[in-house]
$ cat run_18.cif   # mmCIF, C-alpha atoms
data_model
loop_
_atom_site.group_PDB
_atom_site.id
_atom_site.type_symbol
_atom_site.label_atom_id
_atom_site.label_comp_id
_atom_site.auth_asym_id
_atom_site.auth_seq_id
_atom_site.Cartn_x
_atom_site.Cartn_y
_atom_site.Cartn_z
ATOM 1 C CA MET W 249 94.052 65.794 104.693
ATOM 2 C CA GLU W 250 96.488 67.562 107.020
ATOM 3 C CA LYS W 251 95.546 70.867 105.399
ATOM 4 C CA TYR W 252 92.029 70.368 106.758
ATOM 5 C CA ARG W 253 92.960 68.732 110.045
ATOM 6 C CA TYR W 254 89.491 69.109 111.610
ATOM 7 C CA LEU W 255 87.570 68.096 108.483
ATOM 8 C CA ASP W 256 86.212 64.747 109.632
ATOM 9 C CA ARG W 257 85.386 66.016 113.109
ATOM 10 C CA PHE W 258 83.513 69.037 111.786
ATOM 11 C CA ALA W 259 81.754 66.982 109.092
ATOM 12 C CA ASN W 260 80.487 64.600 111.747
ATOM 13 C CA TYR W 261 79.340 67.497 113.910
ATOM 14 C CA ILE W 262 77.485 69.410 111.200
ATOM 15 C CA LYS W 263 76.291 66.271 109.368
ATOM 16 C CA ILE W 264 77.576 67.356 105.978
ATOM 17 C CA PRO W 265 79.918 65.089 103.951
ATOM 18 C CA ALA W 266 83.603 65.981 104.153
ATOM 19 C CA ASP W 267 83.960 66.318 100.384
ATOM 20 C CA ASP W 268 81.093 68.812 100.287
ATOM 21 C CA LEU W 269 82.706 70.877 103.037
ATOM 22 C CA VAL W 270 86.015 71.025 101.178
ATOM 23 C CA GLU W 271 84.232 72.074 97.982
ATOM 24 C CA ALA W 272 82.328 74.778 99.876
ATOM 25 C CA PHE W 273 85.441 76.016 101.646
ATOM 26 C CA GLU W 274 87.396 76.393 98.420
ATOM 27 C CA ILE W 275 84.542 78.393 96.839
ATOM 28 C CA GLU W 276 84.172 80.568 99.941
ATOM 29 C CA LYS W 277 87.904 81.116 100.327
ATOM 30 C CA GLU W 278 88.166 82.388 96.748
ATOM 31 C CA PHE W 279 85.206 84.705 97.398
ATOM 32 C CA HIS W 280 86.697 85.878 100.719
ATOM 33 C CA ASP W 281 90.001 86.910 99.165
ATOM 34 C CA ALA W 282 88.363 88.520 96.141
ATOM 35 C CA ILE W 283 85.746 90.639 97.927
ATOM 36 C CA LEU W 284 88.151 92.015 100.523
ATOM 37 C CA ASN W 285 90.222 93.460 97.692
ATOM 38 C CA GLU W 286 87.338 94.597 95.471
ATOM 39 C CA THR W 287 86.697 98.343 95.229
ATOM 40 C CA SER W 288 83.665 98.205 92.928
ATOM 41 C CA LYS W 289 80.299 98.001 94.694
ATOM 42 C CA GLU W 290 78.726 96.448 91.625
ATOM 43 C CA VAL W 291 81.345 93.704 91.469
ATOM 44 C CA ARG W 292 81.010 93.013 95.213
ATOM 45 C CA LEU W 293 77.261 92.528 94.823
ATOM 46 C CA LYS W 294 77.919 89.991 92.077
ATOM 47 C CA LEU W 295 80.463 88.213 94.293
ATOM 48 C CA TYR W 296 77.924 87.978 97.139
ATOM 49 C CA GLU W 297 75.303 86.595 94.768
ATOM 50 C CA ASP W 298 77.627 84.021 93.215
ATOM 51 C CA VAL W 299 79.077 82.642 96.446
ATOM 52 C CA TYR W 300 75.723 82.197 98.168
ATOM 53 C CA THR W 301 74.210 80.587 95.098
ATOM 54 C CA GLN W 302 77.100 78.128 94.833
ATOM 55 C CA ALA W 303 77.758 77.460 98.512
ATOM 56 C CA HIS W 304 74.116 77.133 99.514
ATOM 57 C CA ALA W 305 73.561 74.586 96.770
ATOM 58 C CA ILE W 306 76.308 72.466 98.341
ATOM 59 C CA TYR W 307 75.017 72.794 101.908
ATOM 60 C CA GLU W 308 71.449 72.058 100.884
ATOM 61 C CA ARG W 309 72.481 68.620 99.649
ATOM 62 C CA SER W 310 72.794 67.558 103.266
ATOM 63 C CA ALA W 311 70.905 70.299 105.071
ATOM 64 C CA LYS W 312 69.645 69.633 108.574
ATOM 65 C CA PRO W 313 65.870 69.251 108.851
ATOM 66 C CA GLU W 314 64.045 72.546 108.502
ATOM 67 C CA ASN W 315 62.526 72.210 111.974
ATOM 68 C CA VAL W 316 66.015 72.462 113.547
ATOM 69 C CA ALA W 317 66.570 75.974 112.192
ATOM 70 C CA THR W 318 62.966 76.897 112.956
ATOM 71 C CA ASN W 319 63.331 75.807 116.574
ATOM 72 C CA LEU W 320 66.474 77.912 116.925
ATOM 73 C CA LYS W 321 64.671 80.986 115.586
ATOM 74 C CA SER W 322 61.720 80.270 117.865
ATOM 75 C CA ARG W 323 64.026 80.323 120.883
ATOM 76 C CA ARG W 324 65.443 83.648 119.651
ATOM 77 C CA ALA W 325 61.925 85.081 119.501
ATOM 78 C CA ARG W 326 61.385 84.088 123.129
ATOM 79 C CA LEU W 327 64.831 85.354 124.173
ATOM 80 C CA PHE W 328 64.124 88.855 122.863
ATOM 81 C CA GLN W 329 60.450 88.914 123.788
ATOM 82 C CA ARG W 330 60.892 91.905 126.097
ATOM 83 C CA GLU W 331 62.341 93.966 123.219
ATOM 84 C CA VAL W 332 59.919 92.922 120.453
ATOM 85 C CA ALA W 333 56.593 92.601 122.287
ATOM 86 C CA GLY W 334 54.095 95.053 120.856
ATOM 87 C CA LYS W 335 56.668 96.567 118.486
ATOM 88 C CA SER W 336 56.964 96.965 114.747
ATOM 89 C CA ILE W 337 59.912 94.834 113.617
ATOM 90 C CA LEU W 338 62.219 94.798 110.613
ATOM 91 C CA GLU W 339 64.459 91.758 110.309
ATOM 92 C CA VAL W 340 67.473 92.434 108.105
ATOM 93 C CA GLY W 341 68.604 89.177 106.510
ATOM 94 C CA CYS W 342 65.385 87.311 107.273
ATOM 95 C CA GLY W 343 66.168 84.178 105.254
ATOM 96 C CA SER W 344 63.294 81.694 105.561
ATOM 97 C CA GLY W 345 61.393 84.085 107.802
ATOM 98 C CA ALA W 346 61.455 81.653 110.743
ATOM 99 C CA PHE W 347 62.178 84.330 113.373
ATOM 100 C CA LEU W 348 59.333 86.589 112.227
ATOM 101 C CA ILE W 349 56.990 83.633 111.900
ATOM 102 C CA SER W 350 57.831 82.686 115.495
ATOM 103 C CA VAL W 351 57.139 86.245 116.651
ATOM 104 C CA LEU W 352 53.832 86.154 114.758
ATOM 105 C CA GLU W 353 52.821 82.813 116.256
ATOM 106 C CA GLN W 354 53.760 84.007 119.743
ATOM 107 C CA ASN W 355 51.620 87.109 119.112
ATOM 108 C CA ASN W 356 54.447 89.398 120.228
ATOM 109 C CA PHE W 357 54.377 91.984 117.474
ATOM 110 C CA GLY W 358 52.807 95.398 117.142
ATOM 111 C CA LYS W 359 52.021 97.428 114.050
ATOM 112 C CA GLU W 360 54.143 95.691 111.418
ATOM 113 C CA LEU W 361 56.368 92.708 110.738
ATOM 114 C CA CYS W 362 58.795 93.019 107.838
ATOM 115 C CA GLY W 363 61.596 90.775 106.581
ATOM 116 C CA LEU W 364 64.253 91.962 104.141
ATOM 117 C CA ASP W 365 66.746 89.796 102.268
ATOM 118 C CA VAL W 366 68.226 89.116 98.835
ATOM 119 C CA THR W 367 66.114 85.965 98.719
ATOM 120 C CA ILE W 368 62.721 85.745 100.389
ATOM 121 C CA PRO W 369 60.406 82.829 101.238
ATOM 122 C CA SER W 370 58.279 81.189 98.569
ATOM 123 C CA SER W 371 54.895 82.597 97.581
ATOM 124 C CA GLU W 372 53.291 79.703 99.466
ATOM 125 C CA VAL W 373 54.973 80.796 102.719
ATOM 126 C CA ARG W 374 54.233 84.470 102.038
ATOM 127 C CA ASN W 375 50.563 83.700 101.451
ATOM 128 C CA LYS W 376 50.335 81.558 104.577
ATOM 129 C CA PHE W 377 51.913 84.281 106.717
ATOM 130 C CA SER W 378 50.431 87.276 104.957
ATOM 131 C CA LYS W 379 50.816 89.514 108.027
ATOM 132 C CA ILE W 380 54.566 89.522 107.355
ATOM 133 C CA ASN W 381 55.751 91.818 104.581
ATOM 134 C CA PHE W 382 58.768 90.300 102.847
ATOM 135 C CA ILE W 383 60.966 92.642 100.801
ATOM 136 C CA LYS W 384 63.578 91.432 98.329
ATOM 137 C CA ALA W 385 66.506 93.834 98.642
ATOM 138 C CA ASP W 386 70.258 94.135 99.070
ATOM 139 C CA VAL W 387 71.037 93.903 102.809
ATOM 140 C CA THR W 388 74.240 95.917 102.391
ATOM 141 C CA ASP W 389 72.377 99.048 101.265
ATOM 142 C CA PHE W 390 68.612 99.439 101.509
ATOM 143 C CA ASN W 391 65.723 101.828 102.116
ATOM 144 C CA VAL W 392 62.337 101.011 103.608
ATOM 145 C CA ALA W 393 59.197 103.088 103.411
ATOM 146 C CA ASN W 394 58.399 103.036 107.142
ATOM 147 C CA LYS W 395 60.364 103.499 110.343
ATOM 148 C CA PHE W 396 60.457 100.568 112.767
ATOM 149 C CA ASP W 397 60.530 100.253 116.541
ATOM 150 C CA VAL W 398 62.979 97.337 116.320
ATOM 151 C CA VAL W 399 65.550 96.227 113.773
ATOM 152 C CA TYR W 400 66.669 92.633 114.296
ATOM 153 C CA SER W 401 69.875 91.317 112.683
ATOM 154 C CA ASN W 402 70.882 87.738 113.410
ATOM 155 C CA HIS W 403 74.274 86.579 112.108
ATOM 156 C CA VAL W 404 74.266 88.917 109.128
ATOM 157 C CA PHE W 405 76.943 91.431 110.101
ATOM 158 C CA GLU W 406 79.804 88.936 109.771
ATOM 159 C CA HIS W 407 78.873 88.377 106.110
ATOM 160 C CA ILE W 408 79.243 92.068 105.232
ATOM 161 C CA ALA W 409 82.547 93.113 103.647
ATOM 162 C CA PRO W 410 84.295 96.013 105.427
ATOM 163 C CA ALA W 411 83.786 98.163 102.317
ATOM 164 C CA ASP W 412 80.002 97.741 102.720
ATOM 165 C CA THR W 413 79.807 98.185 106.490
ATOM 166 C CA HIS W 414 79.037 101.907 106.340
ATOM 167 C CA SER W 415 76.087 101.538 103.968
ATOM 168 C CA HIS W 416 74.815 98.514 105.939
ATOM 169 C CA ILE W 417 74.817 100.223 109.356
ATOM 170 C CA SER W 418 73.549 103.492 107.868
ATOM 171 C CA SER W 419 70.630 101.616 106.286
ATOM 172 C CA ILE W 420 69.784 100.022 109.642
ATOM 173 C CA LYS W 421 69.990 103.371 111.424
ATOM 174 C CA ASN W 422 67.735 105.020 108.839
ATOM 175 C CA ALA W 423 65.151 102.228 109.203
ATOM 176 C CA LEU W 424 64.807 102.783 112.952
ATOM 177 C CA ASP W 425 62.361 105.158 114.546
ATOM 178 C CA LYS W 426 63.778 107.688 116.980
ATOM 179 C CA ASN W 427 64.514 105.880 120.251
ATOM 180 C CA GLY W 428 64.091 102.556 118.460
ATOM 181 C CA THR W 429 65.998 99.403 119.375
ATOM 182 C CA LEU W 430 68.644 97.482 117.452
ATOM 183 C CA ILE W 431 69.206 93.808 118.272
ATOM 184 C CA ILE W 432 72.294 92.420 116.584
ATOM 185 C CA ASN W 433 73.878 88.979 116.975
ATOM 186 C CA ALA W 434 77.155 87.833 115.431
ATOM 187 C CA PRO W 435 79.833 85.188 115.993
ATOM 188 C CA ASN W 436 82.353 86.273 118.600
ATOM 189 C CA LYS W 437 85.818 86.816 117.146
ATOM 190 C CA ILE W 438 87.299 85.756 120.501
ATOM 191 C CA PHE W 439 85.852 82.289 119.900
ATOM 192 C CA GLY W 440 86.250 82.085 116.117
ATOM 193 C CA PRO W 441 86.366 81.086 113.398
ATOM 194 C CA SER W 442 82.684 80.210 113.058
ATOM 195 C CA ASP W 443 82.214 79.557 109.348
ATOM 196 C CA VAL W 444 83.365 76.626 107.199
ATOM 197 C CA THR W 445 86.945 77.508 108.199
ATOM 198 C CA ARG W 446 86.243 75.148 111.087
ATOM 199 C CA ILE W 447 87.533 72.358 108.856
ATOM 200 C CA ILE W 448 90.957 73.910 109.592
ATOM 201 C CA ASP W 449 90.387 74.901 113.216
ATOM 202 C CA PHE W 450 87.374 73.608 115.116
ATOM 203 C CA SER W 451 88.534 74.657 118.583
ATOM 204 C CA TYR W 452 86.741 78.043 118.884
ATOM 205 C CA THR W 453 89.910 79.582 120.321
ATOM 206 C CA ASN W 454 90.661 82.319 117.768
ATOM 207 C CA ARG W 455 93.856 80.683 116.531
ATOM 208 C CA ILE W 456 93.067 81.716 112.954
ATOM 209 C CA GLU W 457 90.635 84.135 111.330
ATOM 210 C CA ALA W 458 87.610 83.049 109.335
ATOM 211 C CA GLN W 459 88.423 82.476 105.659
ATOM 212 C CA GLY W 460 84.971 81.718 104.229
ATOM 213 C CA THR W 461 81.867 83.871 103.934
ATOM 214 C CA HIS W 462 82.502 85.363 107.366
ATOM 215 C CA LEU W 463 84.317 88.554 106.437
ATOM 216 C CA ASN W 464 83.852 90.483 109.628
ATOM 217 C CA GLU W 465 83.594 88.388 112.813
ATOM 218 C CA PRO W 466 83.644 91.030 115.594
ATOM 219 C CA SER W 467 84.328 91.150 119.298
ATOM 220 C CA TYR W 468 81.973 92.989 121.640
ATOM 221 C CA SER W 469 84.425 95.878 121.841
ATOM 222 C CA GLU W 470 84.774 96.194 118.072
ATOM 223 C CA LEU W 471 81.057 96.074 117.299
ATOM 224 C CA ILE W 472 80.172 98.517 120.076
ATOM 225 C CA ALA W 473 82.860 100.960 118.906
ATOM 226 C CA LEU W 474 81.441 100.778 115.386
ATOM 227 C CA LEU W 475 77.821 101.268 116.444
ATOM 228 C CA SER W 476 78.765 104.105 118.796
ATOM 229 C CA GLY W 477 80.148 105.972 115.797
ATOM 230 C CA TYR W 478 76.647 105.973 114.306
ATOM 231 C CA GLY W 479 75.065 107.315 117.478
ATOM 232 C CA PHE W 480 73.825 104.053 119.028
ATOM 233 C CA SER W 481 73.989 103.944 122.820
ATOM 234 C CA ASN W 482 72.938 102.148 126.023
ATOM 235 C CA PHE W 483 74.546 98.846 125.085
ATOM 236 C CA ARG W 484 73.351 95.768 126.933
ATOM 237 C CA THR W 485 73.365 92.037 126.373
ATOM 238 C CA THR W 486 71.840 88.735 127.395
ATOM 239 C CA LEU W 487 73.647 86.364 129.702
ATOM 240 C CA PRO W 488 76.420 84.637 127.730
ATOM 241 C CA GLY W 489 76.006 80.954 126.889
ATOM 242 C CA LEU W 490 72.928 79.016 125.829
ATOM 243 C CA ILE W 491 72.166 77.459 129.198
ATOM 244 C CA LEU W 492 72.204 80.704 131.191
ATOM 245 C CA ARG W 493 70.272 82.725 128.633
ATOM 246 C CA ASN W 494 67.602 80.032 128.347
ATOM 247 C CA ILE W 495 67.168 79.920 132.131
ATOM 248 C CA PHE W 496 67.058 83.727 132.442
ATOM 249 C CA PRO W 497 65.841 84.945 129.009
ATOM 250 C CA ASN W 498 64.726 88.362 130.279
ATOM 251 C CA PHE W 499 67.944 89.228 132.087
ATOM 252 C CA ARG W 500 70.043 92.014 130.538
ATOM 253 C CA MET W 501 73.419 93.239 131.660
ATOM 254 C CA SER W 502 75.884 95.899 130.588
ATOM 255 C CA THR W 503 78.198 94.939 127.744
ATOM 256 C CA SER W 504 81.046 96.637 129.629
ATOM 257 C CA ILE W 505 81.577 93.415 131.604
ATOM 258 C CA LEU W 506 82.241 91.414 128.451
ATOM 259 C CA CYS W 507 84.350 94.167 126.905
ATOM 260 C CA GLU W 508 86.512 94.067 130.025
ATOM 261 C CA PHE W 509 86.725 90.276 129.737
ATOM 262 C CA GLU W 510 88.045 90.620 126.175
ATOM 263 C CA LYS W 511 90.924 92.804 127.398
ATOM 264 C CA ARG W 512 92.133 90.223 129.881
ATOM 265 C CA LYS W 513 94.187 87.815 127.776
ATOM 266 C CA LYS W 514 94.985 85.486 130.658
ATOM 267 C CA LEU W 515 91.291 85.101 131.462
ATOM 268 C CA VAL W 516 90.438 84.526 127.797
ATOM 269 C CA ASP W 517 93.196 81.885 127.668
ATOM 270 C CA ILE W 518 91.618 80.109 130.628
ATOM 271 C CA PHE W 519 88.271 80.064 128.811
ATOM 272 C CA HIS W 520 89.987 78.697 125.697
ATOM 273 C CA LYS W 521 91.576 75.861 127.652
ATOM 274 C CA ILE W 522 88.272 74.558 128.998
ATOM 275 C CA ARG W 523 87.348 72.211 126.161
ATOM 276 C CA VAL W 524 85.151 69.246 125.409
ATOM 277 C CA ARG W 525 86.173 67.081 122.443
ATOM 278 C CA GLY W 526 88.667 69.753 121.457
ATOM 279 C CA ARG W 527 86.151 72.608 121.393
ATOM 280 C CA CYS W 528 86.006 75.529 123.781
ATOM 281 C CA LEU W 529 83.120 74.782 126.148
ATOM 282 C CA LEU W 530 82.656 78.396 127.296
ATOM 283 C CA ALA W 531 82.414 80.030 123.868
ATOM 284 C CA PHE W 532 79.627 82.578 123.417
ATOM 285 C CA GLU W 533 78.446 84.872 120.641
ATOM 286 C CA VAL W 534 78.253 88.651 120.466
ATOM 287 C CA SER W 535 74.677 89.658 121.269
ATOM 288 C CA ILE W 536 73.899 93.360 121.583
ATOM 289 C CA VAL W 537 70.752 95.314 122.330
ATOM 290 C CA CYS W 538 71.126 99.080 121.967
ATOM 291 C CA ASP W 539 69.173 102.288 121.445
ATOM 292 C CA ALA W 540 68.993 104.190 118.175
ATOM 293 C CA PRO W 541 69.978 107.884 118.170
#

$ encode --input "run_18.cif" --output "structure tokens"
Amino acid sequence: MEKYRYLDRFANYIKIPADDLVEAFEIEKEFHDAILNETSKEVRLKLYEDVYTQAHAIYERSAKPENVATNLKSRRARLFQREVAGKSILEVGCGSGAFLISVLEQNNFGKELCGLDVTIPSSEVRNKFSKINFIKADVTDFNVANKFDVVYSNHVFEHIAPADTHSHISSIKNALDKNGTLIINAPNKIFGPSDVTRIIDFSYTNRIEAQGTHLNEPSYSELIALLSGYGFSNFRTTLPGLILRNIFPNFRMSTSILCEFEKRKKLVDIFHKIRVRGRCLLAFEVSIVCDAP
């Protein structure tokens, strides 16, 4: 289908049948358009619930083995070891709990491990990893009883509608202890789209915006400007790219370098032109570590 010109290529890459991807995209696109225009918080919550129930059911038909996602979360736990070691941690949007389980198994945590999401792991998983407190709650607007040294958010922000951004960031800020640390990862708008919209454009060159459940793919500059407005400061990041960050997991640098990169269109264009099998080879995510007010 010319409408979905990258469908077969993306289906082969993600190992999900093309028909399933089209079905998921059409559901997500309807959700995307509806929630961006919805003024009622109650209705937006129902839209979130419906799309993830429907879309996840489609993806789970051909889901990658569980150990793939677990290994990715385990690498994240090692990448941010210097920030989480000995700390109490709240993961917002914890999903299966794989990141917190990895932190637990690596014995990196301090007083408390807590995962918060609209769906939480099964009772079997919760019983097995009883040191982790899982809380079922709305990630767009929540309260927790304790303050945490670290709040960790991995690819959650992009799923939050602009109308819910204030309550989401305010909830994170309120969950952090004074001088606590926020770690937030998101797809980089400069190298988007990063959701199922890749069936239309799988080049990671920002030719079109995400049209699925990614409502808010940011750049470094955009996310830092937002967080600064809530009092967050001292922004730093890992080395960009999987290879570099895995070689030097403890290295941190100022985000100002990447913000400056984003301003230089000619340099960004050069990055976009370096491709393998049609995809930008030098694409990297937004990954920010910053201090709470």

$ residues_around --input "run_18.cif" --residues "W:Ile337" --least-positions-apart "5" --cutoff "10 Å" --atoms "only C-alpha atoms" --output "NGL selection string"
:W and (331-332 or 348 or 351 or 357-363 or 380 or 395-400 or 424 or 429-430)

$ closest_residue --input "run_18.cif" --among "W:Ser401, W:Asn427, W:Asn394, W:Asn464" --to "W:Val340" --atoms "all atoms listed in the file"
W:Ser401

$ closest_atom_pairs --input "run_18.cif" --of "stretch 423-458 of chain W" --to "stretch 468-477 of chain W" --cutoff "10 Å" --atoms "only C-alpha atoms" --output "Markdown table"
| residue | atom | partner | partner_atom | distance |
| --- | --- | --- | --- | --- |
| W:Leu430 | CA | W:Leu475 | CA | 10.0 |
| W:Ile432 | CA | W:Leu471 | CA | 9.5 |
| W:Ala434 | CA | W:Leu471 | CA | 9.3 |
| W:Pro435 | CA | W:Tyr468 | CA | 9.9 |
| W:Asn436 | CA | W:Tyr468 | CA | 7.4 |
| W:Lys437 | CA | W:Tyr468 | CA | 8.5 |
| W:Ile438 | CA | W:Tyr468 | CA | 9.1 |

$ closest_atom_pairs --input "run_18.cif" --of "stretch 329-376 of chain W" --to "stretch 296-311 of chain W" --cutoff "12 Å" --atoms "all atoms listed in the file" --output "JSON lines"
{"residue": "W:Asp365", "atom": "CA", "partner": "W:Glu297", "partner_atom": "CA", "distance": 11.8}
{"residue": "W:Val366", "atom": "CA", "partner": "W:Glu297", "partner_atom": "CA", "distance": 8.5}
{"residue": "W:Thr367", "atom": "CA", "partner": "W:Glu297", "partner_atom": "CA", "distance": 10.0}

$ residues_around --input "run_18.cif" --residues "W:Asp443" --least-positions-apart "5" --cutoff "10 Å" --atoms "only C-alpha atoms" --output "mmCIF file with C-alpha atoms, in the coordinates of the input"
data_model
loop_
_atom_site.group_PDB
_atom_site.id
_atom_site.type_symbol
_atom_site.label_atom_id
_atom_site.label_comp_id
_atom_site.auth_asym_id
_atom_site.auth_seq_id
_atom_site.Cartn_x
_atom_site.Cartn_y
_atom_site.Cartn_z
ATOM 1 C CA PHE W 273 85.441 76.016 101.646
ATOM 2 C CA GLU W 276 84.172 80.568 99.941
ATOM 3 C CA GLU W 406 79.804 88.936 109.771
ATOM 4 C CA HIS W 407 78.873 88.377 106.110
ATOM 5 C CA PRO W 435 79.833 85.188 115.993
ATOM 6 C CA PHE W 450 87.374 73.608 115.116
ATOM 7 C CA GLU W 457 90.635 84.135 111.330
ATOM 8 C CA ALA W 458 87.610 83.049 109.335
ATOM 9 C CA GLN W 459 88.423 82.476 105.659
ATOM 10 C CA GLY W 460 84.971 81.718 104.229
ATOM 11 C CA THR W 461 81.867 83.871 103.934
ATOM 12 C CA HIS W 462 82.502 85.363 107.366
ATOM 13 C CA LEU W 463 84.317 88.554 106.437
ATOM 14 C CA GLU W 465 83.594 88.388 112.813
#

$ closest_residue --input "run_18.cif" --among "W:Asp412, W:Asp449, W:Glu533, W:Asp268" --to "W:Glu286" --atoms "all atoms listed in the file"
W:Asp412

$ closest_residue --input "run_18.cif" --among "W:Tyr261, W:Ala409, W:Ile448, W:Ser370" --to "W:Ala282" --atoms "only C-alpha atoms"
W:Ala409

$ atom_distance --input "run_18.cif" --atom1 "atom CA of W:Ala531" --atom2 "atom CA of W:Phe439"
5.7 Å

$ atom_distance --input "run_18.cif" --atom1 "atom CA of W:Cys507" --atom2 "atom CA of W:Asn422"
26.8 Å

$ resolve_selection --input "run_18.cif" --expression "the PyMOL selection byres ((chain W and resi 527) around 10)" --output "ChimeraX atom specification"
/W:439,449-453,520-526,528-531

$ resolve_selection --input "run_18.cif" --expression "the PyMOL selection byres ((chain W and resi 289) around 12)" --output "compact mmCIF listing (two decimals) with C-alpha atoms, in the frame of the given file"
# COMPACT_ATOMS: atom_id res chain seq x y z
CA ILE W 283 85.75 90.64 97.93
CA LEU W 284 88.15 92.02 100.52
CA ASN W 285 90.22 93.46 97.69
CA GLU W 286 87.34 94.60 95.47
CA THR W 287 86.70 98.34 95.23
CA SER W 288 83.66 98.20 92.93
CA GLU W 290 78.73 96.45 91.62
CA VAL W 291 81.34 93.70 91.47
CA ARG W 292 81.01 93.01 95.21
CA LEU W 293 77.26 92.53 94.82
CA LYS W 294 77.92 89.99 92.08
CA LEU W 295 80.46 88.21 94.29
CA TYR W 296 77.92 87.98 97.14
CA ASP W 386 70.26 94.14 99.07
CA THR W 388 74.24 95.92 102.39
CA ASP W 389 72.38 99.05 101.26
CA ALA W 409 82.55 93.11 103.65
CA PRO W 410 84.30 96.01 105.43
CA ALA W 411 83.79 98.16 102.32
CA ASP W 412 80.00 97.74 102.72
CA THR W 413 79.81 98.18 106.49
CA SER W 415 76.09 101.54 103.97

$ atom_distance --input "run_18.cif" --atom1 "atom CA of W:Phe509" --atom2 "atom CA of W:Arg323"
26.3 Å

$ closest_atom_pairs --input "run_18.cif" --of "stretch 301-352 of chain W" --to "stretch 493-502 of chain W" --cutoff "10 Å" --atoms "only C-alpha atoms" --output "tab-separated table"
residue	atom	partner	partner_atom	distance
W:Arg323	CA	W:Asn494	CA	8.3
W:Arg324	CA	W:Pro497	CA	9.5
W:Arg326	CA	W:Pro497	CA	7.4
W:Leu327	CA	W:Pro497	CA	5.0
W:Phe328	CA	W:Asn498	CA	7.5
W:Gln329	CA	W:Asn498	CA	7.8
W:Arg330	CA	W:Asn498	CA	6.7
W:Glu331	CA	W:Asn498	CA	9.3

$ closest_residue --input "run_18.cif" --among "W:Val392, W:Ile447, W:Ile456, W:Ile536" --to "W:Arg253" --atoms "all atoms listed in the file"
W:Ile447

$ residues_near_point --input "run_18.cif" --point "(73.5, 105.0, 125.0)" --cutoff "9 Å" --atoms "only C-alpha atoms" --output "PDB file with C-alpha atoms, in the coordinates of the input"
ATOM      1  CA  SER W 476      78.765 104.105 118.796  1.00  0.00           C
ATOM      2  CA  GLY W 479      75.065 107.315 117.478  1.00  0.00           C
ATOM      3  CA  PHE W 480      73.825 104.053 119.028  1.00  0.00           C
ATOM      4  CA  SER W 481      73.989 103.944 122.820  1.00  0.00           C
ATOM      5  CA  ASN W 482      72.938 102.148 126.023  1.00  0.00           C
ATOM      6  CA  PHE W 483      74.546  98.846 125.085  1.00  0.00           C
ATOM      7  CA  CYS W 538      71.126  99.080 121.967  1.00  0.00           C
ATOM      8  CA  ASP W 539      69.173 102.288 121.445  1.00  0.00           C
ATOM      9  CA  ALA W 540      68.993 104.190 118.175  1.00  0.00           C
ATOM     10  CA  PRO W 541      69.978 107.884 118.170  1.00  0.00           C
TER      11      PRO W 541
END

$ resolve_selection --input "run_18.cif" --expression "the PyMOL selection byres ((chain W and resi 266) around 12)" --output "PyMOL selection string"
chain W and resi 249+252-265+267-273+306-307+310+444+446-447

$ closest_residue --input "run_18.cif" --among "W:Ile368, W:Leu320, W:Ala423, W:Ile491" --to "W:Gly343" --atoms "all atoms listed in the file"
W:Ile368

$ closest_residue --input "run_18.cif" --among "W:Cys342, W:Leu352, W:Ile275, W:Ile518" --to "W:Lys384" --atoms "only C-alpha atoms"
W:Cys342
